[in-house]
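Participant: One structure coming up, written as C-alpha cells, with questions to follow.
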Amino acid sequence: MEFLPIFLDVKEKPCLVVGGGEIAVRKITNLRRAGAAVRVVAPALAPAVGELLAAGEIAHEARQFRDEDLVGTLLVVAATDDRQVNHRIAELARTAGVPVNVVDQPDDCSFLMPSVIDRSPVVVAVSTGTASPVLARLLRTRLEAMIPAAYGRLAELCAAYRPRVKERFTQQRDRRRFWDRVLQGGVAERVFSGHLDEAQGAMERELEQDLPENTLGEVYLVGAGPGDADLLTFRALRLMQQADVVVYDRLVASSILNKVRRDAQRMYVGKERDNHVMRQTQINRLLVDLAKQGQRVLRLKGGDPFIFGRGGEEIDTLAEEQIPFQVVPGITAASGCASYTGIPLTHRDYAQSVTFVTGHLKDNTINLNWQQLAQPHQTVVFYMGLVGLPVIVDRLISHGVSPQMPVALIQQGTTHKQRVYSGTLSDIVARVQRDPPQPPTLVIVGEVVKLRERFNWFQTPLPAEQSAMAAIFPDG
Ligand code: SAH
C-alpha cells in the first residue's frame with residue numbers, strides 16, 4: 001500500500017485551507033461534512049466559498065499565507081493556484097509535522113483525500129493512491145450503486161444494540177454468530193425495506209432467543225481457479241466470505257486468499273513438490289475435526305477440486321463421518337491457461353478431443369497410455385509435467401508423434417506472471433533448461449498450439465501498470 005487508510009476525527013478541530021478558489025470547494029465541503037472547524041486563508045474567495053462563509057460554515061482571513069498559520073492546526077490543505085506556494089506550504093508542514101494535502105500535486109501530499117461513499121455511520125473511502133483520481137471516482141460510482149442508503153440506518157441500529165448484545169452473549173464467538181444472523185437475516189431485511197420499528201421488534205426477539213445449537217459445522221470444497229481472482233465463481237466468493245476457517249495450499253494465489261473473510265482463521269497445509277507440510281490423510285482428518293468443532297470450513301483448492309485436486313479423497317472422509325459438505329467447481333488450469341494464451345483446445349480443424357493427464361513422475365517414469373496419447377487429431381494437456389518434461393517428450397516421439405509437433409508450456413497461467421514457452425517437441429526441453437520457468441506450469445501438446453499466433457490476446461501488464469493496479473485493487 002502506498003498510503004495507510006485511516007479515519008480521522010476532525011470534529012471541531014482546527015483545519016486550515018490555504019486558497020479560496022473553486023479547487024478548494026470540494027476539500028472544504030469534505031472537511032465540513034466531518035465537522036472540522038475550517039479556517040480559510042486567501043486574499044479572495046470564489047463565489048461558492050463565499051456562500052459557505054455567508055452560511056457560517058467557515059472562518060476566513062483575507063490575506064496571503066504566513067508561516068505561523070500552521071501553528072496549532074490539525075491538518076492543512078494547500079489549494080492556491082500557485083504551485084510554488086503550494087509546494088512551500090507542503091515543505092513547511094512536513095517540517096512542522098502537520099499532515100498536508102496539496103490539490104493536484106500528489107508528490108507534495110503527505111495524506112490524500114479519498115473519494116467517499118457516505119452512508120454514515122458507514123463510510124467507504126476509495127483511493128487510487130497517486131495513480132488516477134478519475135478512476136477512484138468511477139469506482140465510487142459503482143460502489144454507490146451496490147451499497148443501499150439503508151446501510152447507514154442498519155449500522156445505527158447495531159450501534160444502539162451493541163452494549164446489550166455484549167451483555168447478553170459473553171463469548172465473542174457467540175456475538176459474531178448473533179450479528180451474522182441479524183445482518184444477514186430478517187432484521188436487516190426489515191431495515192432495507194424501511195420498516196425500522198419492525199426491525200427493532202425483530203432485534204428484541206433475537207436477543208431473547210438462545211442461539212441455535214450448532215454442534216456440527218460444514219465443509220465447502222471450493223475451486224479457486226487458476227490464479228486470476230476474477231475467475232472465481234459467485235458461489236465461491238460467497239462461501240469465502242462466510243467461512244470461519246480456511247484450509248489452503250500453495251496453488252491458491254494471495255490475491256484470492258485476500259478475498260476470504262478477514263477474521264477467518266487461515267491454515268496453510270502446504271503441498272509443494274516433495275515438501276508436504278501435511279500429508280493428505282492428515283488434511284482429510286483436519287477437515288473433519290474442524291467441522292466437528294462447529295466451524296464452517298472452507299477448503300480452498302487451486303483450479304477445480306475434482307481435477308487432479310484430490311478433492312474426492314477429502315470428501316470421502318467427510319461422507320464417512322457424515323459431515324455436511326458442498327463442492328464448488330473452479331476453472332481448471334487447462335481451461336484457464338488455454339483461454340489466456342489463445343489456444344482453443346478442441347479447435348475443430350485440428351483436434352477432436354482433449355485429454356487431461358498427470359505428468360507426475362513415479363520412479364522416474366510416467367505411467368500413461370502413450371500409444372493412445374500419440375494418436376493424431378487430439379490435444380493433450382499435462383498437469384504437473386515440468387519435471388517429467390524430458391520423459392514426456394521422449395515417450396511421445398518414440399510412439400510416433402512428429403518432433404515438429406507444437407508444444408506450449410505455460411508458467412503461472414492467468415496471473416500477471418504468466419509466461420509462455422512455445423516450441424516443438426524437439427526444442428522445448430532445451431528452451432526450458434536454458435531459462436527455467438517458475439511453477440506451476442502446464443504443458444499443452446497438439447496442433448492447436450499454433451493458433452496462439454493469431455489468438456493470443458492476454459498481455460501481462462508492465463511493471464508500472466502492475467503497481468498502479470496494486471494501488472487500486474490492494475486485494476489483487
Ligand atoms: N486442481 C488443479 C490442478 C492441481 S494439480 C486444477 O484444476 O487446475 C497442480 C498442477 O496444476 C500444477 O503442477 C500445474 O500443472 C497445474 N496448474 C495449476 N494452476 C496453474 C497455473 N496457474 N498455471 C499453470 N499451471 C497450473
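Ordered as shown in the C-alpha cells, chains take letters A, B, and onward, while each chain numbers its residues from 1 and ligands are numbered from 1 in the order shown.
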So that I can see what lies close to range 132-135 of chain A, please list as a list in words the residues with an atom at most 10 Å from it, counting only C-alpha atoms and leaving out residues fewer than 2 positions away in the same chain.
Facilitator: Asp104, Met113, Pro114, Ser115, Val126, Ser127, Thr128, Gly129, Thr130, Arg137, Leu138, Leu139, Arg140, Thr141, Ala468, Ala471 and Ile472 of chain A
Participant: Within 9 Å of ligand 1, counting only C-alpha atoms and all ligand atoms: which residues, as a ChimeraX atom specification?
Facilitator: /A:223-228,251-253,273,301-311,329-337,358-360,381-386,409-415,418,439-443
Participant: For each of A:Ala79, A:Val10, A:Val191, A:Leu183, take the minimum atom-to-atom distance to Ala24 in chain A, counting only C-alpha atoms, then give the residue where this is smallest.
Facilitator: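 Nearest to Ala24 in chain A: A:Ala79.
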Participant: List every residue of range 97-192 of chain A that has an atom at most 6 Å from any atom of range 69-76 of chain A, giving for each one its closest atom pair and the distance in Å to one decimal, counting only C-alpha atoms, sorted by chain and then by ascending residue number, as JSON lines.
Facilitator:
```
{"residue": "A:Val98", "atom": "CA", "partner": "A:Leu75", "partner_atom": "CA", "distance": 5.6}
{"residue": "A:Pro99", "atom": "CA", "partner": "A:Leu75", "partner_atom": "CA", "distance": 5.0}
{"residue": "A:Val100", "atom": "CA", "partner": "A:Val76", "partner_atom": "CA", "distance": 4.9}
```
Participant: DSSP says strand (DSSP E or B) for which residues of range 18-208 of chain A? Put them as a list in words?
Facilitator: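 Matching residues, listed in order: Val18, Ala37, Val38, Arg39, Val40, Val41, Ile58, Ala59, His60, Glu61, Leu75, Val76, Val77, Ala78, Val100, Asn101, Val102, Ser115, Val116, Ile117, Asp118, Arg119, Val122, Val123, Val124, Ala125, Val126, Thr128 and Thr130 of chain A.
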Participant: Please produce an output containing N, CA and C atoms for each residue in the selection, written as a compact mmCIF listing (two decimals), in the first residue's frame.
Facilitator:
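Contents of again36.txt, as written:
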```
# COMPACT_ATOMS: atom_id res chain seq x y z
N VAL A 18 -5.59 26.69 2.61
CA VAL A 18 -4.97 27.88 2.02
C VAL A 18 -5.43 27.96 0.57
N ALA A 37 -13.45 22.41 12.08
CA ALA A 37 -13.50 23.87 12.18
C ALA A 37 -12.56 24.41 11.11
N VAL A 38 -13.13 24.82 9.98
CA VAL A 38 -12.30 25.17 8.82
C VAL A 38 -11.98 26.66 8.79
N ARG A 39 -10.69 26.95 8.66
CA ARG A 39 -10.24 28.32 8.53
C ARG A 39 -9.64 28.45 7.13
N VAL A 40 -10.16 29.39 6.36
CA VAL A 40 -9.64 29.59 5.01
C VAL A 40 -8.78 30.85 4.99
N VAL A 41 -7.54 30.69 4.54
CA VAL A 41 -6.68 31.85 4.37
C VAL A 41 -6.52 32.09 2.88
N ILE A 58 -17.56 28.41 7.52
CA ILE A 58 -16.10 28.52 7.61
C ILE A 58 -15.72 29.88 8.21
N ALA A 59 -14.45 29.97 8.67
CA ALA A 59 -13.91 31.28 9.04
C ALA A 59 -12.96 31.70 7.93
N HIS A 60 -12.81 32.99 7.72
CA HIS A 60 -11.99 33.45 6.59
C HIS A 60 -11.05 34.57 7.03
N GLU A 61 -9.80 34.47 6.61
CA GLU A 61 -8.87 35.57 6.80
C GLU A 61 -8.38 36.01 5.43
N LEU A 75 -4.49 19.75 10.42
CA LEU A 75 -4.01 19.40 9.09
C LEU A 75 -4.18 20.61 8.18
N VAL A 76 -3.50 20.56 7.04
CA VAL A 76 -3.60 21.70 6.13
C VAL A 76 -3.83 21.21 4.70
N VAL A 77 -4.67 21.96 4.00
CA VAL A 77 -4.87 21.69 2.57
C VAL A 77 -4.35 22.92 1.82
N ALA A 78 -3.40 22.69 0.93
CA ALA A 78 -2.89 23.80 0.13
C ALA A 78 -3.60 23.77 -1.22
N VAL A 100 -0.34 17.21 5.36
CA VAL A 100 -0.66 18.19 4.32
C VAL A 100 -1.18 17.50 3.05
N ASN A 101 -2.19 18.13 2.47
CA ASN A 101 -2.71 17.68 1.19
C ASN A 101 -2.63 18.85 0.22
N VAL A 102 -2.02 18.58 -0.95
CA VAL A 102 -1.92 19.64 -1.94
C VAL A 102 -2.72 19.22 -3.16
N SER A 115 -12.09 9.38 -2.44
CA SER A 115 -13.49 9.52 -2.85
C SER A 115 -14.33 8.81 -1.81
N VAL A 116 -15.45 9.40 -1.45
CA VAL A 116 -16.18 8.90 -0.29
C VAL A 116 -17.61 8.51 -0.64
N ILE A 117 -18.01 7.37 -0.10
CA ILE A 117 -19.42 6.99 -0.15
C ILE A 117 -19.92 7.13 1.28
N ASP A 118 -20.80 8.09 1.48
CA ASP A 118 -21.20 8.43 2.85
C ASP A 118 -22.56 7.82 3.16
N ARG A 119 -22.53 6.75 3.96
CA ARG A 119 -23.77 6.18 4.47
C ARG A 119 -23.66 6.22 5.99
N VAL A 122 -21.75 4.41 8.24
CA VAL A 122 -20.91 3.62 7.34
C VAL A 122 -20.27 4.56 6.32
N VAL A 123 -18.97 4.53 6.24
CA VAL A 123 -18.28 5.37 5.26
C VAL A 123 -17.30 4.50 4.48
N VAL A 124 -17.40 4.54 3.16
CA VAL A 124 -16.46 3.80 2.34
C VAL A 124 -15.58 4.81 1.62
N ALA A 125 -14.28 4.64 1.74
CA ALA A 125 -13.36 5.58 1.11
C ALA A 125 -12.57 4.84 0.03
N VAL A 126 -12.48 5.46 -1.13
CA VAL A 126 -11.77 4.84 -2.25
C VAL A 126 -10.60 5.71 -2.66
N THR A 128 -6.95 5.70 -5.24
CA THR A 128 -6.07 5.01 -6.18
C THR A 128 -4.64 5.44 -5.93
N THR A 130 -1.72 7.72 -5.94
CA THR A 130 -1.50 8.88 -6.80
C THR A 130 -1.78 8.52 -8.27
```
Participant: Using only C-alpha atoms for the distances, tell me which of A:Arg164, A:Pro324, A:Val407, A:Gln282 is nearest to Gly270 in chain A.
Facilitator: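 The closest residue to Gly270 in chain A is A:Gln282.
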Participant: Just to confirm, what's the straight-line distance from CA of Tyr350 in chain A to CA of Ile444 in chain A in Å (one decimal)?
Facilitator: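 Computing the Euclidean distance for CA of Tyr350 in chain A and CA of Ile444 in chain A yields 13.6 Å.
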Participant: Quick check, in Å to one decimal: how far apart do CA of Thr341 in chain A and CA of Asn456 in chain A lie?
Facilitator: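 The value is 5.4 Å.
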Participant: Quick one: everything within 12 Å of Gln375 in chain A, counting only C-alpha atoms, minus sequence neighbours fewer than 6 positions away in the same chain. Send it as number ranges by chain.
Facilitator: A: 351-355, 369, 396-397, 399-402, 405, 445-446
Participant: May I have the residues within 10 Å of Gln280 in chain A as a VMD selection string, using only C-alpha atoms and disregarding those fewer than 6 positions away in the same chain?
Facilitator: chain A and resid 269 271 286 310 313 to 314
Participant: Nearest to His195 in chain A among A:Cys109, A:Ala150, A:Glu57, A:Ala159, with distances taken over only C-alpha atoms: which residue is it?
Facilitator: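 Closest candidate: A:Ala150.
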Participant: I'd like to know which of A:Gly35, A:Gly20, A:Gly312, A:Pro436 is closest to Leu221 in chain A, using only C-alpha atoms.
Facilitator: A:Gly312
Participant: In terms of the shortest atom-to-atom distance over only C-alpha atoms, which of A:Ala338, A:Val165, A:Val432, A:Leu232 is closest to Glu208 in chain A?
Facilitator: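 For Glu208 in chain A, the nearest of the given residues is A:Val165.
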